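Engineer: Following this message is one structure expressed as structure tokens.
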Number of protein chains: 2
Amino acid sequence: MRRPSLTLLAAGLLLASGVASATDTVVPAAAVRTAGQLRDKAMHDDTGYRIAESLTTEVGQRLAGSPADQRGVEWAIAKFKELGFDKVYTEPVTYPKWVRRSESGAIVAPFPQSLMLTALGYSPGTPRGGLTAEVVRFASLDALKNADPASVKGKIVYIGFRMQRHKDGQDYGMGSAIRTQGPVIAQAKGAAGFLLRSAGTDPHSRTPHAGVTGFRDPAKTIPAAALSNPDADQLERVLGYGKPVTVKLDLDCGIEGEYTGANVIGEVTGAKYPDQVVAIGGHLDSWDLGTGAIDDGAGIAIAMAAGKLIHDLPTRPDRTIRVIAFANEEMGLWGGRAYADRHADEVRKFQLGTESDFGSGRIWRMSASVKPEARGAMGQIAKVLAPIGVAYDAKRPGGGGSDLSQMHGKGMAALSLTQDGTHYFDWHHTANDTLDKIDPKDLAQNVAVYAAFSYMAAQAQGDFGSAPGAFANDGAGE
Amino acid sequence: MRRPSLTLLAAGLLLASGVASATDTVVPAAAVRTAGQLRDKAMHDDTGYRIAESLTTEVGQRLAGSPADQRGVEWAIAKFKELGFDKVYTEPVTYPKWVRRSESGAIVAPFPQSLMLTALGYSPGTPRGGLTAEVVRFASLDALKNADPASVKGKIVYIGFRMQRHKDGQDYGMGSAIRTQGPVIAQAKGAAGFLLRSAGTDPHSRTPHAGVTGFRDPAKTIPAAALSNPDADQLERVLGYGKPVTVKLDLDCGIEGEYTGANVIGEVTGAKYPDQVVAIGGHLDSWDLGTGAIDDGAGIAIAMAAGKLIHDLPTRPDRTIRVIAFANEEMGLWGGRAYADRHADEVRKFQLGTESDFGSGRIWRMSASVKPEARGAMGQIAKVLAPIGVAYDAKRPGGGGSDLSQMHGKGMAALSLTQDGTHYFDWHHTANDTLDKIDPKDLAQNVAVYAAFSYMAAQAQGDFGSAPGAFANDGAGE
């Protein structure tokens with residue numbers, strides 16, 4: 001139910017530049033004011049931090065398919081209810097269950113000493129008694145791609161790419177490419193195992209970074225693990241002596257059938273258009289080494305707290321705020337893909353969406369994939385977010401975050417709310433992913449951004465362009 | 001063989017203030033010049049760093065009594081020889097052998113999750129299947145001392161003192177007191193186990209800090225372990241819910257008879273007074289979690305490199321430079337005590353001594369326990385060290401460092417060369433004690449200080465006051 005004349009009036013009042021047409025999407029002035037109040041309240045509110053504290057303290061790590069995964073689901077249902085969400089429900093997500101039982105490694109020769117490492121997702125275990133083989137080092141993923149299989153056969157392939165800290169985490173592109181593709185290529189060339197320098201920016205910490213491999217066919221796998229940065233340094237120094245270097249891997253891990261977990265969903269039901277939704281969220285699962293605070297307790301906390309702040313307004317928003325706690329993001333977006341498959345036909349009902357999954361650093365940039373007629377509304381959102389440090393880059397697409405990228409792929413209009421990830425990869429997927437890494441003030445800024453944009457999107461007169469197949473070529477590529 | 005007239009002349013030339021008497025110890029002008037050249041050369045020399053690299057790469061951790069301890073001894077003998085030391089020998093050191101086989105821990109209730117912890121030195125293992133008991137928290141060591149045994153009996157005592165970073169590491173006084181005395185007091189009151197927040201200044205690292213307890217009577221021990229700082233935070237948050245908290249400790253460790261290791265000694269033999277020695281050193285053993293880089297590969301490297309630089313002078317020094325790589329400092333100064341017991345009768349032959357055992361941060365302060373007549377010579381040494389950032393505090397005693405504190409206790413004149421320990425306790429006794437924590441330039445400054453002071457002490461006309469029982473009340477108390 002559009003009201004073009006009012007929209008035009010509001011646009012004329014609100015937009016500093018540009019002329020809104022009758023078909024433009026506009027956020028009414030009252031909603032802009034309320035969003036500013038939500039923003040200011042959120043900046044001094046600790047709801048998000050208390051949610052992150054509760055999740056990491058009462059549940060801790062939440063490896064997909066583990067008993068803790070189920071405890072996480074129960075926690076999320078209870079927390080949504082405790083926060084007063086109008087509707088709380090789950091949707092099933094089925095995936096292969098990968099388990100880690102134990103892991104160790106050592107340089108056997110020429111200088112015996114232990115290595116701190118962690119098995120990668122979907123890695124099989126080593127034979128009982130471990131795998132002992134010579135290490136062959138490659139300078140890059142390309143070097144491995146180009147390697148003669150004879151140089152690799154029966155050996156443990158090692159690649160030592162060093163990630164550097166960047167605000168946007170850009171080196172993770174290569175770091176994760178090595179982790180996902182490296183084991184697959186090494187296996188195809190006949191390697192016995194695969195090691196990488198962790199995809200992490202903590203050069204001085206003995207904490208290896210877990211993460212998934214690209215293994216999909218269980219018949220084509222080899223044991224694969226990540227060394228901590230100092231252990232990678234050590235291995236490289238030992239290799240530098242020019243003698244054959246033998247390493248032993250002892251991994252007890254692997255796939256144990258299927259598991260059905262759940263996306264957990266809490267809604268603040270829209271008063272006017274309850275079936276139209278603003279979709280925000282994080283993923284509930286985590287790696288098992290830390291307690292899943294920044295990845296992705298923070299995302300869960302940000303989205304839940306934003307929903308809670310909107311819930312606590314005197315009246316319900318026009319559209320529904322849907323907070324989704326996704327299952328098993330870590331092993332390949334299982335929750336996000338299941339969600340998109342289930343809801344693809346409803347894509348027009350998704351007003352706008354994005355997920356938080358890059359820690360708890362402050363959001364410094366917003367970008368969006370929306371229809372041209374919604375650019376004015378994006379400008380309105382940007383104006384509300386600018387005072388808390390968010391710059392709107394109108395030239396970049398918005399990808400919707402990790403799991404919601406899948407709904408964006410179906411045509412959902414989406415934002416990217418880019419956080420400061422300078423230190424994210426210091427702790428990402430490690431034992432050090434614990435609550436102390438979350439700065440409560442930074443987290444509050446994230447909640448402020450999510451609450452303000454979600455409310456404005458929920459109140460907008462007009463939509464942001466969600467439609468089947470929309471934005472297919474926006475280059476978001478998240 | 002003193003030459004008082006020359007001494008007086010030299011003192012008159014060299015000392016800016018004060019009048020030297022015929023009995024004053026003086027460093028000849030030529031030796032002062034050579035010491036300045038040694039200092040300048042050492043500042044740009046990487047011998048020390050290469051020694052630390054060699055030890056940590058080729059041997060790694062060197063837990064006293066372990067196979068790696070023996071590899072460390074063999075490394076030290078070979079390294080002294082490779083560096084060209086004139087005399088290389090060992091002296092036996094016998095001590096109880098403590099072994100660590102495996103360790104794990106977890107909060108069992110109310111919120112099950114694993115804890116990162118490490119068993120403390122001389123801790124016994126838990127019964128097979130682990131020790132599960134309720135945790136009782138004390139705010140301080142004093143609170144535990146004053147506790148009613150009924151409140152402790154059968155429980156796991158926990159103390160959560162938080163060390164802060166200080167240049168002089170002052171909080172380690174309380175941190176190590178809790179680690180050594182806490183388990184003994186808890187055992188005496190009937191506790192089942194003991195946990196502490198690690199004695200470390202790394203609030204965000206999941207690396208527990210090992211270290212020795214005060215257990216001496218194997219019949220009076222209980223399992224004792226340190227939690228990493230984030231794990232201590234977690235335990236405290238869980239305790240904060242006000243429900244009974246049950247923890248399980250599963251430690252496989254304990255004393256396995258006796259072991260005889262060795263102090264390894266390399267000497268640059270004095271040309272005039274070969275039986276008079278300047279004693280410097282570090283300890284060769286380390287904890288087993290890291291590779292013993294800052295504790296105390298750095299000390300070994302500093303002392304060996306200083307000796308090597310003096311060795312490489314065109315002529316041998318007047319007195320012998322004795323570099324001692326001590327055995328088993330970590331479990332209670334075993335190497336230092338054995339050394340002092342063996343050499344107590346020769347204390348007058350020890351011209352001056354000190355050990356490096358506080359990492360690789362720059363030396364910023366020198367103090368000394370020497371006879372009054374050697375204060376002028378100390379001023380000469382101070383003048384050579386001032387340009388590289390060392391301030392001489394003439395009011396403080398010198399303790400000789402960790403193991404050599406024992407020779408100082410017998411009457412050896414001693415220095416304290418205080419390093420910047422701001423970050424020392426971030427890594428001390430943890431898996432993070434690895435080579436990357438050593439800054440080569442900082443290490444070189446240490447070598448410069450050790451080379452310059454050692455050479456000047458070796459060339460001094462006169463002694464520094466070593467005598468049986470001298471300095472007994474100097475308050476060094478190291």
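By convention here, the chains of the structure tokens are called A, B, ... in the order presented, each chain's residues are numbered starting at 1, and ligands are numbered starting at 1 in the order presented.
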Should the cut-off be 8 Å, what would the residue list for chain B against chain A look like, counting only C-alpha atoms, as an mmCIF file with N, CA, C and O atoms, in the first residue's frame?
Structural biologist:
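Output file selection.cif follows:
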data_model
loop_
_atom_site.group_PDB
_atom_site.id
_atom_site.type_symbol
_atom_site.label_atom_id
_atom_site.label_comp_id
_atom_site.auth_asym_id
_atom_site.auth_seq_id
_atom_site.Cartn_x
_atom_site.Cartn_y
_atom_site.Cartn_z
ATOM 1 N N THR B 57 65.926 -23.500 17.601
ATOM 2 C CA THR B 57 65.556 -24.235 16.384
ATOM 3 C C THR B 57 66.044 -25.676 16.436
ATOM 4 O O THR B 57 65.326 -26.611 16.069
ATOM 5 N N GLU B 58 67.272 -25.863 16.886
ATOM 6 C CA GLU B 58 67.866 -27.201 16.831
ATOM 7 C C GLU B 58 67.492 -28.055 18.042
ATOM 8 O O GLU B 58 67.496 -29.283 17.954
ATOM 9 N N VAL B 59 67.215 -27.396 19.161
ATOM 10 C CA VAL B 59 66.845 -28.153 20.361
ATOM 11 C C VAL B 59 65.391 -27.886 20.748
ATOM 12 O O VAL B 59 64.636 -28.806 21.023
ATOM 13 N N GLY B 60 64.994 -26.634 20.750
ATOM 14 C CA GLY B 60 63.625 -26.326 21.203
ATOM 15 C C GLY B 60 63.536 -26.361 22.708
ATOM 16 O O GLY B 60 64.508 -26.039 23.400
ATOM 17 N N GLN B 61 62.363 -26.757 23.222
ATOM 18 C CA GLN B 61 62.177 -26.781 24.690
ATOM 19 C C GLN B 61 63.206 -27.687 25.349
ATOM 20 O O GLN B 61 63.678 -28.652 24.733
ATOM 21 N N PHE B 111 28.063 -25.133 33.389
ATOM 22 C CA PHE B 111 28.164 -24.924 31.943
ATOM 23 C C PHE B 111 29.360 -25.691 31.408
ATOM 24 O O PHE B 111 30.495 -25.227 31.524
ATOM 25 N N PRO B 112 29.172 -26.869 30.855
ATOM 26 C CA PRO B 112 30.324 -27.675 30.442
ATOM 27 C C PRO B 112 31.135 -27.015 29.331
ATOM 28 O O PRO B 112 30.580 -26.602 28.322
ATOM 29 N N GLN B 113 32.412 -26.889 29.546
ATOM 30 C CA GLN B 113 33.317 -26.434 28.486
ATOM 31 C C GLN B 113 34.751 -26.657 28.926
ATOM 32 O O GLN B 113 35.043 -26.743 30.110
ATOM 33 N N HIS B 204 44.870 -11.508 27.129
ATOM 34 C CA HIS B 204 44.044 -11.975 26.018
ATOM 35 C C HIS B 204 44.531 -13.272 25.385
ATOM 36 O O HIS B 204 44.065 -13.661 24.325
ATOM 37 N N SER B 205 45.474 -13.946 25.978
ATOM 38 C CA SER B 205 46.072 -15.122 25.362
ATOM 39 C C SER B 205 45.690 -16.399 26.108
ATOM 40 O O SER B 205 45.807 -16.467 27.331
ATOM 41 N N ARG B 206 45.276 -17.412 25.326
ATOM 42 C CA ARG B 206 44.886 -18.693 25.936
ATOM 43 C C ARG B 206 46.113 -19.545 26.232
ATOM 44 O O ARG B 206 46.105 -20.766 26.025
ATOM 45 N N PRO B 230 42.317 -15.771 29.879
ATOM 46 C CA PRO B 230 40.910 -15.826 29.458
ATOM 47 C C PRO B 230 40.133 -16.981 30.094
ATOM 48 O O PRO B 230 38.933 -16.855 30.333
ATOM 49 N N GLN B 234 36.810 -16.728 32.378
ATOM 50 C CA GLN B 234 35.632 -17.567 32.133
ATOM 51 C C GLN B 234 35.192 -18.242 33.437
ATOM 52 O O GLN B 234 34.013 -18.210 33.786
ATOM 53 N N ARG B 237 33.573 -15.745 35.604
ATOM 54 C CA ARG B 237 32.216 -15.396 35.163
ATOM 55 C C ARG B 237 31.220 -16.490 35.550
ATOM 56 O O ARG B 237 30.111 -16.211 35.997
ATOM 57 N N VAL B 238 31.659 -17.760 35.383
ATOM 58 C CA VAL B 238 30.767 -18.871 35.730
ATOM 59 C C VAL B 238 30.510 -18.878 37.237
ATOM 60 O O VAL B 238 29.364 -19.045 37.682
ATOM 61 N N ALA B 431 53.674 -21.416 25.987
ATOM 62 C CA ALA B 431 53.932 -21.879 24.618
ATOM 63 C C ALA B 431 54.429 -20.734 23.741
ATOM 64 O O ALA B 431 55.071 -20.957 22.715
ATOM 65 N N ASN B 432 54.119 -19.514 24.136
ATOM 66 C CA ASN B 432 54.535 -18.361 23.338
ATOM 67 C C ASN B 432 55.978 -17.929 23.552
ATOM 68 O O ASN B 432 56.419 -16.941 22.942
ATOM 69 N N THR B 434 58.879 -18.161 22.302
ATOM 70 C CA THR B 434 59.516 -18.610 21.060
ATOM 71 C C THR B 434 60.400 -17.506 20.489
ATOM 72 O O THR B 434 60.313 -16.341 20.918
ATOM 73 N N ASP B 436 60.562 -15.600 18.010
ATOM 74 C CA ASP B 436 60.037 -14.336 17.479
ATOM 75 C C ASP B 436 59.874 -13.268 18.556
ATOM 76 O O ASP B 436 59.673 -12.099 18.239
ATOM 77 N N LYS B 437 59.938 -13.640 19.823
ATOM 78 C CA LYS B 437 59.821 -12.657 20.908
ATOM 79 C C LYS B 437 61.134 -11.930 21.174
ATOM 80 O O LYS B 437 61.177 -10.976 21.950
#
Engineer: List the neighbours of Leu249 of chain B out to 8 Å using only C-alpha atoms; skip same-chain residues closer than 4 positions along the sequence, and give me the result as a PyMOL selection string.
Structural biologist: chain B and resi 103-106+126+130-132
Engineer: What does the file look like for those residues with N, CA, C and O atoms, as an mmCIF file, in the first residue's frame?
Structural biologist:
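Produced file result.cif, reproduced below:
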data_model
loop_
_atom_site.group_PDB
_atom_site.id
_atom_site.type_symbol
_atom_site.label_atom_id
_atom_site.label_comp_id
_atom_site.auth_asym_id
_atom_site.auth_seq_id
_atom_site.Cartn_x
_atom_site.Cartn_y
_atom_site.Cartn_z
ATOM 1 N N GLU B 103 47.705 -33.280 29.908
ATOM 2 C CA GLU B 103 46.932 -32.462 30.840
ATOM 3 C C GLU B 103 45.710 -31.916 30.123
ATOM 4 O O GLU B 103 45.766 -31.558 28.947
ATOM 5 N N SER B 104 44.616 -31.881 30.839
ATOM 6 C CA SER B 104 43.416 -31.244 30.317
ATOM 7 C C SER B 104 42.530 -30.891 31.498
ATOM 8 O O SER B 104 42.738 -31.366 32.617
ATOM 9 N N GLY B 105 41.571 -30.047 31.228
ATOM 10 C CA GLY B 105 40.660 -29.633 32.287
ATOM 11 C C GLY B 105 39.383 -29.099 31.685
ATOM 12 O O GLY B 105 39.351 -28.736 30.512
ATOM 13 N N ALA B 106 38.354 -29.071 32.485
ATOM 14 C CA ALA B 106 37.062 -28.606 31.982
ATOM 15 C C ALA B 106 36.174 -28.167 33.131
ATOM 16 O O ALA B 106 36.294 -28.674 34.253
ATOM 17 N N THR B 126 46.554 -36.469 38.573
ATOM 18 C CA THR B 126 45.265 -36.764 39.192
ATOM 19 C C THR B 126 45.054 -38.267 39.134
ATOM 20 O O THR B 126 45.739 -38.966 38.389
ATOM 21 N N GLY B 130 40.680 -38.689 36.260
ATOM 22 C CA GLY B 130 40.618 -37.276 36.605
ATOM 23 C C GLY B 130 40.100 -37.003 38.008
ATOM 24 O O GLY B 130 39.603 -37.891 38.713
ATOM 25 N N LEU B 131 40.265 -35.766 38.410
ATOM 26 C CA LEU B 131 39.775 -35.275 39.700
ATOM 27 C C LEU B 131 38.633 -34.309 39.414
ATOM 28 O O LEU B 131 38.819 -33.310 38.722
ATOM 29 N N THR B 132 37.459 -34.599 39.931
ATOM 30 C CA THR B 132 36.313 -33.707 39.738
ATOM 31 C C THR B 132 35.870 -33.200 41.101
ATOM 32 O O THR B 132 35.593 -34.003 42.004
#
Engineer: Considering only C-alpha atoms, return as a list in words whatever protein or nucleic-acid residues lie within 7 Å of Trp287 of chain B, sequence-local ones (same chain, fewer than 6 positions apart) excluded.
Structural biologist: Gln61, Arg62, Leu63 and His429 of chain B
Engineer: With all heavy atoms retained, export the selected residues as a PDB file, in the first residue's frame.
Structural biologist:
ATOM      1  N   GLN B  61      62.363 -26.757  23.222  1.00  0.00           N
ATOM      2  CA  GLN B  61      62.177 -26.781  24.690  1.00  0.00           C
ATOM      3  C   GLN B  61      63.206 -27.687  25.349  1.00  0.00           C
ATOM      4  O   GLN B  61      63.678 -28.652  24.733  1.00  0.00           O
ATOM      5  CB  GLN B  61      60.760 -27.227  25.037  1.00  0.00           C
ATOM      6  CG  GLN B  61      60.424 -28.672  24.691  1.00  0.00           C
ATOM      7  CD  GLN B  61      60.789 -29.666  25.805  1.00  0.00           C
ATOM      8  OE1 GLN B  61      61.096 -29.283  26.930  1.00  0.00           O
ATOM      9  NE2 GLN B  61      60.774 -30.937  25.454  1.00  0.00           N
ATOM     10  N   ARG B  62      63.530 -27.390  26.598  1.00  0.00           N
ATOM     11  CA  ARG B  62      64.576 -28.139  27.303  1.00  0.00           C
ATOM     12  C   ARG B  62      64.158 -28.378  28.747  1.00  0.00           C
ATOM     13  O   ARG B  62      64.801 -27.880  29.693  1.00  0.00           O
ATOM     14  CB  ARG B  62      65.902 -27.354  27.248  1.00  0.00           C
ATOM     15  CG  ARG B  62      66.337 -27.021  25.815  1.00  0.00           C
ATOM     16  CD  ARG B  62      67.459 -26.038  25.705  1.00  0.00           C
ATOM     17  NE  ARG B  62      67.196 -24.724  26.242  1.00  0.00           N
ATOM     18  CZ  ARG B  62      66.470 -23.772  25.645  1.00  0.00           C
ATOM     19  NH1 ARG B  62      65.906 -24.002  24.475  1.00  0.00           N
ATOM     20  NH2 ARG B  62      66.286 -22.598  26.227  1.00  0.00           N
ATOM     21  N   LEU B  63      63.050 -29.070  28.920  1.00  0.00           N
ATOM     22  CA  LEU B  63      62.571 -29.329  30.279  1.00  0.00           C
ATOM     23  C   LEU B  63      63.629 -30.139  31.035  1.00  0.00           C
ATOM     24  O   LEU B  63      64.113 -31.158  30.538  1.00  0.00           O
ATOM     25  CB  LEU B  63      61.246 -30.097  30.246  1.00  0.00           C
ATOM     26  CG  LEU B  63      60.593 -30.300  31.619  1.00  0.00           C
ATOM     27  CD1 LEU B  63      60.066 -28.978  32.188  1.00  0.00           C
ATOM     28  CD2 LEU B  63      59.463 -31.319  31.545  1.00  0.00           C
ATOM     29  N   HIS B 429      57.244 -18.747  30.485  1.00  0.00           N
ATOM     30  CA  HIS B 429      56.752 -20.080  30.874  1.00  0.00           C
ATOM     31  C   HIS B 429      55.550 -20.539  30.051  1.00  0.00           C
ATOM     32  O   HIS B 429      54.812 -21.415  30.494  1.00  0.00           O
ATOM     33  CB  HIS B 429      56.396 -20.151  32.369  1.00  0.00           C
ATOM     34  CG  HIS B 429      57.569 -19.951  33.287  1.00  0.00           C
ATOM     35  ND1 HIS B 429      57.457 -20.073  34.661  1.00  0.00           N
ATOM     36  CD2 HIS B 429      58.866 -19.624  33.058  1.00  0.00           C
ATOM     37  CE1 HIS B 429      58.636 -19.828  35.224  1.00  0.00           C
ATOM     38  NE2 HIS B 429      59.509 -19.556  34.273  1.00  0.00           N
TER      39      HIS B 429
END
Engineer: Which of these, B:Ala219, B:Ala139, B:Ile185, B:Val73, has the shortest distance to Arg197 of chain B once you count only C-alpha atoms?
Structural biologist: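 Closest candidate: B:Ala139.
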Engineer: Rounded to one decimal, what separation in Å do you get between atom CA of Glu134 of chain B and atom CA of Glu74 of chain A?
Structural biologist: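 The value is 25.7 Å.
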Engineer: I want to know what sits within 10 Å of segment 297-299 of chain A, based on only C-alpha atoms, with residues of the same chain fewer than 2 positions away left out; could you give that as a PyMOL selection string?
Structural biologist: chain A and resi 48-49+51-56+60-62+280-286+291-295+301-305+325+355-361+433-435+438+443+446-447
Engineer: Using only C-alpha atoms, which of the listed residues (B:Ala470, B:Val384, B:Ala306, B:Val99) sits closest to Ala448 of chain B?
Structural biologist: B:Ala306
